[in-house]
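So the structure is just underneath, and the comments pick up after that.
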Amino acid sequence: MKTVRDYTLKLAFLNGRAFTLDLREFVHRLKGLRPLRDPGVFALADVGEGGFSLVWPGEFDVGADRLYEIALECLRELRLRGGTHTACVFTAPNGRDDPAEHIDAY
């Protein structure tokens, strides 16, 4: 996991897939993540214990499985539109759609 810019993270999963995800919409949609709307707080993201989540100070976390789902949703939308989608960039295709269990640290 690496912070790229405001609300954007580069994530690698143990199944070999990697994504760059802009989580701005996700963070602004969920009231429970309101403190993460501050780009400075969002930038404090770290890989949780065992790689099963991303964590932030204040006991905020998002599971690796949910992040993977968001990435796959972006890919589906990208294919439907036939162009680019600003919320995700698929950076390491391996042809598999199996669920991710862990996030690798970059």
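A note on labels: chains of the structure tokens are A, B, ... as shown, every chain counts residues from 1, and ligands are counted from 1 in their shown order.
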
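Near A:Val41, within 10 Å and counting only C-alpha atoms, sit A:Asp6, A:Tyr7, A:Pro35, A:Leu36, A:Arg37, A:Asp38, A:Leu44, A:Ala45, A:Trp56, A:Pro57, A:Gly58, not including residues fewer than 3 positions from it in the same chain.
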
Using only C-alpha atoms, which protein or nucleic acid residues come within 12 Å of A:Asp61? Drop anything in the same chain fewer than 4 positions from it, and give the result as a PyMOL selection string. chain A and resi 27+32-33+35-36+42+44-49+51-57+65-67

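Pairwise distance (atom CA of A:Cys74, atom CA of A:Ala18) equals 12.9 Å.
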
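Atom CA of A:Val62 to atom CA of A:Leu30 spans 11.6 Å [interatomic distance, one decimal].
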
Separating atom CA of A:Thr8 from atom CA of A:Thr20, to the nearest tenth of an Å, is a gap of 6.8 Å

message: Considering only strand (DSSP E) as DSSP defines it on the backbone, what residues of stretch 5-94 of chain A qualify? List them as a list in words.
response: Arg5, Thr8, Leu9, Lys10, Leu11, Ala12, Phe13, Ala18, Phe19, Thr20, Leu21, Asp22, Asp46, Val47, Ser53, Leu54, Val55, Trp56, Phe60, Asp61, Val62, Gly63, Cys88, Val89 and Phe90 of chain A

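Here the question is which of A:Leu72, A:Ala43, A:Leu78, A:Ala64 gets nearest to A:Leu9 using only C-alpha atoms, and that residue is A:Ala43.
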
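Using only C-alpha atoms, the shortest contact distance between A:Tyr68 and any of A:His28, A:Lys10, A:Arg81, A:Arg34 is found at A:Lys10.
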